[in-house]
$ cat run-v8.txt   # compact mmCIF, C-alpha atoms and all ligand atoms
# COMPACT_ATOMS: atom_id res chain seq x y z
CA HIS Y 1 19.68 30.28 147.32
CA TYR Y 2 20.12 32.83 150.05
CA MET Y 3 21.81 35.16 147.58
CA LEU Y 4 18.72 35.33 145.37
CA LYS Y 5 16.43 35.65 148.40
CA GLU Y 6 18.48 38.56 149.69
CA ILE Y 7 18.63 40.26 146.29
CA PHE Y 8 14.83 40.24 146.30
CA GLU Y 9 14.67 41.48 149.90
CA GLN Y 10 16.31 44.77 148.93
CA PRO Y 11 13.16 46.93 148.70
CA ASP Y 12 12.28 45.95 152.27
CA ALA Y 13 15.85 46.14 153.51
CA ILE Y 14 16.21 49.77 152.41
CA ARG Y 15 12.75 50.61 153.74
CA ASN Y 16 14.01 49.42 157.12
CA THR Y 17 17.24 51.40 156.77
CA MET Y 18 15.21 54.56 156.13
CA ARG Y 19 12.49 53.94 158.71
CA GLY Y 20 12.19 56.86 161.16
CA ARG Y 21 15.21 58.62 159.67
CA LEU Y 22 13.59 61.02 157.22
CA ASN Y 23 12.14 64.20 158.68
CA GLU Y 24 9.90 65.79 156.06
CA ASP Y 25 9.09 68.83 158.21
CA GLU Y 26 12.72 69.80 158.40
CA GLY Y 27 13.73 68.42 155.00
CA THR Y 28 16.58 66.41 156.44
CA ALA Y 29 17.62 63.02 157.79
CA VAL Y 30 17.79 62.22 161.51
CA PHE Y 31 20.12 59.79 163.23
CA GLY Y 32 19.80 58.85 166.87
CA GLY Y 33 23.25 57.41 167.45
CA LEU Y 34 25.88 59.67 165.95
CA ASN Y 35 26.72 61.01 169.43
CA LEU Y 36 28.01 64.24 167.90
CA SER Y 37 26.00 67.47 168.00
CA PRO Y 38 25.15 69.40 164.81
CA LYS Y 39 27.63 72.01 166.03
CA GLU Y 40 30.42 69.43 166.30
CA LEU Y 41 29.54 67.94 162.92
CA ARG Y 42 29.52 71.36 161.28
CA ASN Y 43 33.15 71.74 162.24
CA ILE Y 44 34.15 68.54 160.44
CA ARG Y 45 36.22 69.49 157.39
CA ARG Y 46 37.16 66.08 156.08
CA ILE Y 47 35.74 62.56 156.18
CA VAL Y 48 37.53 59.23 155.84
CA PHE Y 49 35.52 56.14 154.95
CA THR Y 50 37.32 52.89 155.62
CA ALA Y 51 36.08 49.42 154.69
CA CYS Y 52 36.83 46.21 152.79
CA GLY Y 53 35.36 44.58 149.68
CA THR Y 54 31.78 45.40 148.88
CA SER Y 55 31.57 47.79 151.82
CA TRP Y 56 34.53 49.65 150.28
CA HIS Y 57 32.46 50.03 147.12
CA SER Y 58 29.57 51.56 149.03
CA ALA Y 59 32.13 53.92 150.58
CA LEU Y 60 33.03 55.04 147.04
CA VAL Y 61 29.35 55.75 146.37
CA GLY Y 62 29.44 57.74 149.61
CA GLU Y 63 32.40 59.75 148.37
CA TYR Y 64 30.55 60.88 145.24
CA LEU Y 65 27.43 61.67 147.27
CA PHE Y 66 29.27 63.68 149.93
CA GLU Y 67 31.20 65.69 147.37
CA GLU Y 68 28.07 66.47 145.44
CA LEU Y 69 25.60 67.09 148.23
CA ALA Y 70 27.63 68.11 151.25
CA GLN Y 71 30.77 69.43 149.55
CA ILE Y 72 33.01 67.86 152.15
CA PRO Y 73 36.31 66.32 151.03
CA VAL Y 74 36.15 62.55 151.41
CA GLU Y 75 38.81 59.90 151.23
CA VAL Y 76 38.01 56.22 150.81
CA GLU Y 77 40.62 53.93 152.30
CA TYR Y 78 41.04 50.17 152.22
CA ALA Y 79 41.02 49.26 155.90
CA SER Y 80 43.78 46.69 155.30
CA GLU Y 81 46.02 49.53 154.07
CA LEU Y 82 44.92 52.27 156.42
CA ARG Y 83 45.69 50.19 159.50
CA TYR Y 84 49.41 50.16 158.60
CA ARG Y 85 49.69 53.63 157.11
CA ASN Y 86 50.39 56.87 158.86
CA PRO Y 87 48.64 59.51 156.77
CA PRO Y 88 48.72 63.09 158.06
CA MET Y 89 45.18 63.84 159.20
CA SER Y 90 43.93 67.14 160.57
CA ASP Y 91 42.00 67.40 163.84
CA ASP Y 92 38.71 68.06 162.06
CA THR Y 93 38.67 64.64 160.31
CA LEU Y 94 35.82 62.26 161.04
CA VAL Y 95 36.33 58.54 160.40
CA PHE Y 96 33.54 56.17 159.39
CA ALA Y 97 34.06 52.40 159.31
CA ILE Y 98 31.57 50.72 156.97
CA THR Y 99 30.85 47.05 157.50
CA GLN Y 100 28.04 44.56 157.16
CA SER Y 101 29.23 42.08 159.78
CA GLY Y 102 30.99 44.47 162.14
CA GLU Y 103 33.65 41.78 162.57
CA THR Y 104 36.06 42.29 159.64
CA ALA Y 105 39.49 42.22 161.28
CA ASP Y 106 41.13 44.86 159.06
CA THR Y 107 38.21 47.27 159.42
CA LEU Y 108 38.28 46.85 163.19
CA ALA Y 109 42.04 47.42 163.27
CA ALA Y 110 41.79 50.57 161.10
CA LEU Y 111 39.03 51.91 163.35
CA ARG Y 112 41.15 51.26 166.45
CA GLU Y 113 44.17 53.00 164.93
CA MET Y 114 42.11 56.08 164.01
CA LYS Y 115 40.51 56.14 167.44
CA ARG Y 116 43.92 55.85 169.08
CA LYS Y 117 45.01 58.92 167.15
CA GLY Y 118 42.11 60.81 168.65
CA HIS Y 119 39.78 61.10 165.68
CA PRO Y 120 36.04 60.78 166.20
CA THR Y 121 35.11 57.32 164.89
CA LEU Y 122 31.67 56.21 163.78
CA ALA Y 123 30.41 52.99 162.20
CA ILE Y 124 27.85 52.12 159.54
CA CYS Y 125 27.10 48.56 160.44
CA ASN Y 126 24.43 45.89 160.02
CA VAL Y 127 25.04 43.49 162.90
CA VAL Y 128 23.86 44.92 166.20
CA GLY Y 129 26.30 44.51 169.05
CA SER Y 130 29.18 43.43 166.76
CA SER Y 131 32.78 44.32 167.66
CA ILE Y 132 32.95 47.37 165.37
CA ALA Y 133 29.54 48.60 166.50
CA GLN Y 134 30.75 48.40 170.09
CA GLU Y 135 34.12 50.03 169.57
CA ALA Y 136 32.96 52.94 167.42
CA GLU Y 137 31.87 56.03 169.32
CA GLY Y 138 28.55 56.09 167.54
CA GLY Y 139 27.02 55.35 164.19
CA ILE Y 140 24.18 54.03 162.13
CA TYR Y 141 22.71 50.54 162.12
CA LEU Y 142 21.49 49.40 158.72
CA HIS Y 143 18.58 47.21 159.93
CA ALA Y 144 18.86 45.29 156.64
CA GLY Y 145 18.19 41.96 158.39
CA PRO Y 146 20.64 39.04 158.57
CA GLU Y 147 22.77 38.58 155.47
CA ILE Y 148 23.42 34.87 155.13
CA GLY Y 149 24.66 34.73 151.52
CA VAL Y 150 28.43 35.11 151.32
CA ALA Y 151 28.12 37.68 148.53
CA SER Y 152 26.88 40.91 150.01
CA THR Y 153 23.82 42.32 148.23
CA LYS Y 154 21.17 43.86 150.48
CA ALA Y 155 23.78 45.15 152.92
CA TYR Y 156 25.42 46.99 150.01
CA THR Y 157 22.27 48.82 148.94
CA SER Y 158 21.40 49.53 152.57
CA GLN Y 159 24.86 51.01 153.09
CA CYS Y 160 24.39 53.19 150.01
CA VAL Y 161 21.02 54.39 151.34
CA ALA Y 162 22.51 55.13 154.77
CA LEU Y 163 25.27 57.13 153.07
CA ALA Y 164 22.74 58.98 150.90
CA MET Y 165 20.78 59.98 154.02
CA LEU Y 166 24.00 60.97 155.76
CA ALA Y 167 25.05 63.11 152.79
CA LEU Y 168 21.63 64.77 152.91
CA TYR Y 169 22.07 65.41 156.64
CA PHE Y 170 25.57 66.87 156.23
CA GLY Y 171 24.38 68.88 153.22
CA ARG Y 172 21.52 70.34 155.26
CA LEU Y 173 24.00 71.34 158.00
CA ARG Y 174 25.74 73.46 155.39
CA HIS Y 175 24.48 74.80 152.11
CA LEU Y 176 21.54 72.58 151.01
CA GLY Y 177 18.25 74.42 151.34
CA TYR Y 178 14.95 73.15 152.72
CA ALA Y 179 13.34 72.69 149.30
CA ASP Y 180 16.27 70.59 148.09
CA GLY Y 181 16.05 68.50 151.25
CA ARG Y 182 12.32 67.90 150.77
CA ARG Y 183 12.81 66.89 147.14
CA MET Y 184 15.56 64.46 148.08
CA ILE Y 185 13.42 62.90 150.81
CA GLU Y 186 10.64 62.30 148.28
CA GLN Y 187 13.11 60.63 145.96
CA LEU Y 188 14.42 58.42 148.76
CA GLN Y 189 10.89 57.41 149.71
CA ALA Y 190 10.18 56.37 146.13
CA LEU Y 191 13.32 54.25 145.98
CA PRO Y 192 12.03 50.88 147.32
CA ASP Y 193 9.44 50.76 144.52
CA LYS Y 194 12.10 51.65 141.96
CA ILE Y 195 14.23 48.74 143.21
CA SER Y 196 11.20 46.43 142.91
CA GLU Y 197 10.86 47.62 139.33
CA ALA Y 198 14.57 46.95 138.67
CA LEU Y 199 14.08 43.42 140.04
CA GLU Y 200 11.56 42.78 137.25
CA SER Y 201 14.58 42.50 134.95
CA ASN Y 202 15.37 39.10 136.54
CA GLU Y 203 14.12 37.00 133.62
CA ALA Y 204 15.76 39.21 130.99
CA VAL Y 205 19.04 39.04 132.92
CA ARG Y 206 18.82 35.25 133.10
CA ARG Y 207 18.50 35.08 129.31
CA ILE Y 208 21.53 37.34 128.91
CA ALA Y 209 23.43 35.11 131.34
CA GLU Y 210 22.60 32.10 129.13
CA ARG Y 211 23.96 33.93 126.11
CA TYR Y 212 27.29 34.82 127.69
CA VAL Y 213 27.77 31.97 130.16
CA GLU Y 214 30.72 30.52 128.24
CA CYS Y 215 32.77 33.73 128.40
CA ASP Y 216 35.74 33.65 130.77
CA ASN Y 217 36.42 37.39 130.97
CA PHE Y 218 34.08 40.32 131.53
CA LEU Y 219 34.69 44.05 131.75
CA TYR Y 220 32.40 46.29 133.80
CA LEU Y 221 32.42 49.95 132.91
CA GLY Y 222 30.68 53.02 134.26
CA ARG Y 223 31.39 56.64 135.09
CA HIS Y 224 30.74 59.09 137.91
CA PHE Y 225 27.95 57.78 140.19
CA ASN Y 226 28.01 54.49 138.28
CA PHE Y 227 31.72 53.85 138.48
CA PRO Y 228 31.42 52.13 141.90
CA THR Y 229 28.57 50.06 140.42
CA ALA Y 230 30.99 48.76 137.78
CA LEU Y 231 33.49 47.72 140.48
CA GLU Y 232 30.80 46.06 142.57
CA GLY Y 233 29.26 44.25 139.58
CA ALA Y 234 32.69 42.84 138.68
CA LEU Y 235 33.36 41.74 142.26
CA LYS Y 236 30.01 39.94 142.46
CA LEU Y 237 30.74 38.01 139.26
CA LYS Y 238 34.27 37.02 140.33
CA GLU Y 239 33.24 35.99 143.79
CA ILE Y 240 30.21 33.93 142.97
CA SER Y 241 30.87 32.43 139.53
CA TYR Y 242 34.71 32.23 139.54
CA VAL Y 243 34.73 34.11 136.22
CA HIS Y 244 37.37 36.78 135.74
CA ALA Y 245 35.94 40.30 135.70
CA GLU Y 246 37.41 43.79 135.93
CA GLY Y 247 35.61 46.97 136.85
CA TYR Y 248 36.92 50.25 135.42
CA PRO Y 249 35.91 53.85 135.01
CA ALA Y 250 34.71 53.64 131.39
CA ALA Y 251 37.08 56.31 130.08
CA GLU Y 252 40.16 54.63 131.58
CA MET Y 253 39.66 51.74 129.16
CA LYS Y 254 41.54 53.44 126.40
CA HIS Y 255 44.65 53.71 128.58
CA GLY Y 256 45.54 50.05 128.31
CA PRO Y 257 42.76 47.60 129.23
CA ILE Y 258 41.08 48.02 125.84
CA ALA Y 259 43.77 45.65 124.56
CA LEU Y 260 41.80 42.86 126.29
CA VAL Y 261 38.66 43.43 124.24
CA ASP Y 262 37.72 40.78 121.71
CA GLU Y 263 34.54 38.99 120.60
CA ARG Y 264 34.70 36.65 123.63
CA THR Y 265 35.06 39.44 126.21
CA PRO Y 266 31.74 41.14 126.92
CA SER Y 267 31.73 44.66 128.36
CA VAL Y 268 28.93 45.46 130.76
CA PHE Y 269 28.19 49.19 130.48
CA VAL Y 270 26.34 50.82 133.35
CA MET Y 271 24.83 53.83 131.65
CA PRO Y 272 21.55 55.29 132.82
CA ARG Y 273 20.88 58.71 131.31
CA GLY Y 274 22.49 61.76 132.83
CA PHE Y 275 25.08 64.43 132.20
CA ILE Y 276 27.81 61.85 131.47
CA TYR Y 277 25.73 59.64 129.14
CA ASP Y 278 27.16 60.91 125.84
CA LYS Y 279 30.70 60.45 127.11
CA VAL Y 280 29.97 56.85 128.12
CA MET Y 281 28.38 56.28 124.73
CA SER Y 282 31.62 57.25 123.00
CA ASN Y 283 33.54 54.87 125.30
CA LEU Y 284 31.06 52.17 124.27
CA GLU Y 285 31.67 52.87 120.60
CA GLU Y 286 35.39 52.32 121.10
CA ILE Y 287 34.63 48.86 122.49
CA LYS Y 288 32.30 48.07 119.59
CA ALA Y 289 35.00 49.16 117.14
CA ARG Y 290 37.22 46.42 118.61
CA GLY Y 291 34.51 43.81 118.13
CA GLY Y 292 33.62 43.45 121.83
CA PRO Y 293 30.05 42.47 122.72
CA VAL Y 294 28.23 45.08 124.83
CA ILE Y 295 25.67 44.40 127.55
CA ALA Y 296 24.13 47.71 128.61
CA VAL Y 297 22.29 48.54 131.81
CA ALA Y 298 20.21 51.49 130.67
CA GLU Y 299 17.06 53.40 131.49
CA LYS Y 300 13.63 52.37 130.30
CA GLY Y 301 12.76 54.20 127.12
CA ASP Y 302 16.37 54.68 126.02
CA ASP Y 303 16.02 53.85 122.32
CA ARG Y 304 19.48 55.06 121.41
CA ILE Y 305 21.25 52.31 123.35
CA ARG Y 306 19.20 49.57 121.67
CA LYS Y 307 20.75 50.46 118.33
CA VAL Y 308 24.32 49.89 119.53
CA ALA Y 309 24.32 47.38 122.39
CA ASP Y 310 24.09 43.60 121.87
CA ALA Y 311 21.89 43.21 124.95
CA VAL Y 312 20.08 45.77 127.08
CA VAL Y 313 18.77 45.46 130.63
CA GLU Y 314 16.28 48.14 131.59
CA ILE Y 315 16.22 49.92 134.91
CA PRO Y 316 13.74 52.59 136.02
CA GLN Y 317 14.60 56.28 135.86
CA VAL Y 318 15.75 57.87 139.13
CA ASP Y 319 17.60 61.10 139.84
CA GLU Y 320 21.33 60.76 139.18
CA TRP Y 321 22.45 60.70 142.82
CA LEU Y 322 20.32 57.58 143.39
CA GLN Y 323 21.31 55.71 140.24
CA PRO Y 324 23.83 53.41 142.04
CA LEU Y 325 20.92 52.02 144.05
CA VAL Y 326 19.07 50.74 140.98
CA SER Y 327 21.92 50.12 138.54
CA ILE Y 328 23.51 47.48 140.80
CA ILE Y 329 20.37 45.27 140.84
CA PRO Y 330 20.76 43.68 137.36
CA LEU Y 331 24.48 43.16 138.01
CA GLN Y 332 23.76 41.21 141.20
CA LEU Y 333 21.30 39.11 139.20
CA LEU Y 334 23.77 38.63 136.35
CA ALA Y 335 26.44 37.31 138.73
CA TYR Y 336 23.90 35.01 140.35
CA HIS Y 337 22.55 33.53 137.10
CA ILE Y 338 25.98 33.03 135.54
CA ALA Y 339 27.10 31.25 138.72
CA VAL Y 340 24.06 28.96 138.71
CA LEU Y 341 24.36 28.24 134.98
CA ARG Y 342 28.03 27.34 135.37
CA GLY Y 343 27.11 24.97 138.11
C1 LIG Y 401 31.61 40.66 148.75
C2 LIG Y 401 31.70 40.59 150.21
C3 LIG Y 401 32.94 41.03 150.87
C4 LIG Y 401 32.64 41.90 152.09
C5 LIG Y 401 33.92 42.22 152.86
C6 LIG Y 401 33.66 43.15 154.02
O1 LIG Y 401 30.38 40.21 148.28
O2 LIG Y 401 30.75 40.20 150.86
O3 LIG Y 401 33.76 41.74 149.98
O4 LIG Y 401 32.01 43.07 151.67
O5 LIG Y 401 34.49 41.03 153.31
O6 LIG Y 401 32.76 42.59 154.92
P1 LIG Y 401 32.01 43.46 155.98
O7 LIG Y 401 31.13 44.41 155.23
O8 LIG Y 401 31.23 42.50 156.82
O9 LIG Y 401 33.05 44.21 156.77

$ encode --input "run-v8.txt" --output "structure tokens" --more "lines below"
Ligand code: F6R
Amino acid sequence: HYMLKEIFEQPDAIRNTMRGRLNEDEGTAVFGGLNLSPKELRNIRRIVFTACGTSWHSALVGEYLFEELAQIPVEVEYASELRYRNPPMSDDTLVFAITQSGETADTLAALREMKRKGHPTLAICNVVGSSIAQEAEGGIYLHAGPEIGVASTKAYTSQCVALAMLALYFGRLRHLGYADGRRMIEQLQALPDKISEALESNEAVRRIAERYVECDNFLYLGRHFNFPTALEGALKLKEISYVHAEGYPAAEMKHGPIALVDERTPSVFVMPRGFIYDKVMSNLEEIKARGGPVIAVAEKGDDRIRKVADAVVEIPQVDEWLQPLVSIIPLQLLAYHIAVLRG
């Protein structure tokens, strides 16, 4: 299937997204097509990301990255809503449309509306020469290669990498120092191999899919950098296997959705180690207390999770800001295998 092929193309896809865009000497990222000078970009005080579906999820990853690394306020807007809204927006707001195809009608319409209002508009886009790529005033091509599968996989991780590089670039325009920039570049360069390592979970994920294939409801839970991963994992499962799934910030569970938990409703916890790990662990224990099975996506060598989760998928350790890039891999595979097993 194209979906599986494209899942496995991700190390190369992100290599291509990064190619020629990391400047080690200056400890920053470089983009040829933004068409805005560093001086103009320094004056940007607010960023709006607008997109649909999976691209909207990568925009959420972008929001966390920009807040953390560039300390610029970011809003993530559904393009289908933004196009008909009239939000007050200051002059120093930059708008990014994020899209694989460059042809999504709502994203194009939102971009046009923002451009009409006089905001600088840029695109993060995969398809060269597409409508959105042409109408935006500049932007970044993903170079992820054609995405044929209907469910977006490699375009998603490529978008996340483009946003990570962009956050590095904006950070370096402001308060991020050279040493931080160099360290982040090294981590980005190591990422394709980390994704290859995450792909080694394929067989383990297929066995987990066999175990839970009869379930008709799944919850996907994560926090902070891994909250968008939970949303994206749930979308992949819904879209490709026609199984109901909900993504939630793990701590929101107790405010209602926990009522859905029973022994036939697995919760997929996205919980690599990091500052929020203990908090997610206590959310997990609440699910266990209600008798819900837990599938955990956790880091290699995490012995603690093995004692509480019913199934564990291992991903390699990466710095927290890059966790969304590896934590999504087993969830793409899980959606794929459940879909195939259900026919
Ligand atoms: C989900 C999926 C869709 C697209 C959405 C936007 O797997 O593929 O949710 O992400 O239709 O498409 P683009 O990114 O082409 O604007």

$ closest_residue --input "run-v8.txt" --among "Y:Asn35, Y:Gln10, Y:Ser152, Y:Ser282" --to "Lys254 of chain Y" --atoms "all atoms listed in the file"
Y:Ser282

$ closest_residue --input "run-v8.txt" --among "Y:Gly102, Y:Pro38, Y:Gly27, Y:Pro257" --to "ligand LIG 401 (chain Y)" --atoms "only C-alpha atoms and all ligand atoms"
Y:Gly102

$ atom_distance --input "run-v8.txt" --atom1 "atom CA of Val243 of chain Y" --atom2 "atom CA of Ile14 of chain Y"
29.2 Å

$ residues_around --input "run-v8.txt" --residues "Gln323 of chain Y" --least-positions-apart "6" --cutoff "12 Å" --atoms "all atoms listed in the file" --output "VMD selection string"
chain Y and resid 61 64 to 65 157 160 to 161 164 187 to 188 191 194 to 195 198 222 to 229 270 to 274 297 to 299 315 to 317 329

$ closest_residue --input "run-v8.txt" --among "Y:Glu75, Y:Gln189, Y:Gly256, Y:Asp25" --to "Pro87 of chain Y" --atoms "only C-alpha atoms"
Y:Glu75

$ closest_atom_pairs --input "run-v8.txt" --of "chain Y" --to "ligand LIG 401 (chain Y)" --cutoff "6 Å" --atoms "only C-alpha atoms and all ligand atoms" --output "JSON lines"
{"residue": "Y:Cys52", "atom": "CA", "partner": "Y:LIG401", "partner_atom": "C6", "distance": 4.6}
{"residue": "Y:Gly53", "atom": "CA", "partner": "Y:LIG401", "partner_atom": "O3", "distance": 3.3}
{"residue": "Y:Thr54", "atom": "CA", "partner": "Y:LIG401", "partner_atom": "O4", "distance": 3.6}
{"residue": "Y:Ser55", "atom": "CA", "partner": "Y:LIG401", "partner_atom": "O4", "distance": 4.7}
{"residue": "Y:Thr99", "atom": "CA", "partner": "Y:LIG401", "partner_atom": "O7", "distance": 3.5}
{"residue": "Y:Gln100", "atom": "CA", "partner": "Y:LIG401", "partner_atom": "O7", "distance": 3.6}
{"residue": "Y:Ser101", "atom": "CA", "partner": "Y:LIG401", "partner_atom": "O8", "distance": 3.6}
{"residue": "Y:Gly102", "atom": "CA", "partner": "Y:LIG401", "partner_atom": "O8", "distance": 5.7}
{"residue": "Y:Thr104", "atom": "CA", "partner": "Y:LIG401", "partner_atom": "O9", "distance": 4.6}
{"residue": "Y:Val150", "atom": "CA", "partner": "Y:LIG401", "partner_atom": "O2", "distance": 5.6}
{"residue": "Y:Ala151", "atom": "CA", "partner": "Y:LIG401", "partner_atom": "O1", "distance": 3.4}
{"residue": "Y:Ser152", "atom": "CA", "partner": "Y:LIG401", "partner_atom": "O1", "distance": 4.0}
{"residue": "Y:Lys236", "atom": "CA", "partner": "Y:LIG401", "partner_atom": "O1", "distance": 5.8}

$ atom_distance --input "run-v8.txt" --atom1 "atom CA of Met253 of chain Y" --atom2 "atom CA of Glu286 of chain Y"
9.1 Å

$ residues_around --input "run-v8.txt" --residues "Glu147 of chain Y" --least-positions-apart "6" --cutoff "8 Å" --atoms "only C-alpha atoms" --output "list in words"
Glu6, Lys154 and Ala155 of chain Y

$ closest_residue --input "run-v8.txt" --among "Y:Ile185, Y:Val127, Y:Leu22, Y:Leu41" --to "Ile148 of chain Y" --atoms "all atoms listed in the file"
Y:Val127

$ closest_residue --input "run-v8.txt" --among "Y:Pro120, Y:Gly139, Y:Gly177, Y:Gly145" --to "Asn16 of chain Y" --atoms "all atoms listed in the file"
Y:Gly145

$ decode --input "run-v8.txt" --residues "segment 245-316 of chain Y" --atoms "C-alpha atoms" --output "CSV table (one decimal), in the first residue's frame"
chain,number,residue,atom,x,y,z
Y,245,ALA,CA,-11.0,7.4,18.0
Y,246,GLU,CA,-10.6,10.6,20.0
Y,247,GLY,CA,-7.5,12.5,20.7
Y,248,TYR,CA,-7.3,14.5,24.0
Y,249,PRO,CA,-4.7,16.3,26.1
Y,250,ALA,CA,-4.2,13.5,28.7
Y,251,ALA,CA,-5.2,15.7,31.7
Y,252,GLU,CA,-8.5,16.8,30.1
Y,253,MET,CA,-9.7,13.2,30.4
Y,254,LYS,CA,-10.9,13.6,33.9
Y,255,HIS,CA,-13.2,16.4,32.9
Y,256,GLY,CA,-15.8,14.1,31.2
Y,257,PRO,CA,-14.4,11.7,28.6
Y,258,ILE,CA,-13.1,9.3,31.2
Y,259,ALA,CA,-16.7,8.2,31.4
Y,260,LEU,CA,-16.1,6.4,28.1
Y,261,VAL,CA,-13.3,4.2,29.5
Y,262,ASP,CA,-14.0,0.5,29.9
Y,263,GLU,CA,-12.2,-2.8,29.2
Y,264,ARG,CA,-13.1,-2.6,25.5
Y,265,THR,CA,-11.8,1.0,25.0
Y,266,PRO,CA,-8.0,1.1,24.8
Y,267,SER,CA,-6.2,4.3,25.6
Y,268,VAL,CA,-3.0,5.0,23.6
Y,269,PHE,CA,-0.7,7.1,25.8
Y,270,VAL,CA,2.0,9.0,24.0
Y,271,MET,CA,4.5,9.4,26.8
Y,272,PRO,CA,8.2,9.6,26.0
Y,273,ARG,CA,10.2,10.8,29.1
Y,274,GLY,CA,10.4,14.5,29.8
Y,275,PHE,CA,9.3,17.1,32.3
Y,276,ILE,CA,5.7,16.1,32.0
Y,277,TYR,CA,6.2,12.4,32.2
Y,278,ASP,CA,5.1,12.0,35.9
Y,279,LYS,CA,1.9,14.0,35.2
Y,280,VAL,CA,1.0,11.7,32.3
Y,281,MET,CA,1.7,8.7,34.4
Y,282,SER,CA,-0.9,9.8,36.9
Y,283,ASN,CA,-3.4,10.4,34.1
Y,284,LEU,CA,-2.6,6.8,33.0
Y,285,GLU,CA,-3.2,5.4,36.4
Y,286,GLU,CA,-6.7,7.0,36.4
Y,287,ILE,CA,-7.5,5.1,33.2
Y,288,LYS,CA,-6.2,1.9,34.7
Y,289,ALA,CA,-8.3,2.4,37.8
Y,290,ARG,CA,-11.4,2.3,35.5
Y,291,GLY,CA,-10.3,-0.9,33.9
Y,292,GLY,CA,-9.2,0.6,30.5
Y,293,PRO,CA,-6.4,-1.2,28.6
Y,294,VAL,CA,-3.3,1.0,28.0
Y,295,ILE,CA,-1.1,1.0,25.0
Y,296,ALA,CA,1.9,3.2,25.7
Y,297,VAL,CA,4.3,4.8,23.2
Y,298,ALA,CA,7.4,5.2,25.4
Y,299,GLU,CA,11.1,5.6,25.2
Y,300,LYS,CA,13.5,2.7,25.0
Y,301,GLY,CA,14.7,1.7,28.4
Y,302,ASP,CA,11.7,3.0,30.2
Y,303,ASP,CA,11.1,0.1,32.7
Y,304,ARG,CA,8.6,2.0,34.8
Y,305,ILE,CA,6.0,2.0,32.0
Y,306,ARG,CA,6.3,-1.8,31.4
Y,307,LYS,CA,4.9,-2.4,34.9
Y,308,VAL,CA,1.7,-0.5,34.3
Y,309,ALA,CA,0.9,-0.6,30.6
Y,310,ASP,CA,-0.8,-3.6,28.8
Y,311,ALA,CA,1.4,-3.0,25.7
Y,312,VAL,CA,4.4,-0.9,25.1
Y,313,VAL,CA,5.8,0.4,21.8
Y,314,GLU,CA,9.4,1.7,22.1
Y,315,ILE,CA,10.7,4.8,20.4
Y,316,PRO,CA,14.2,6.1,20.5
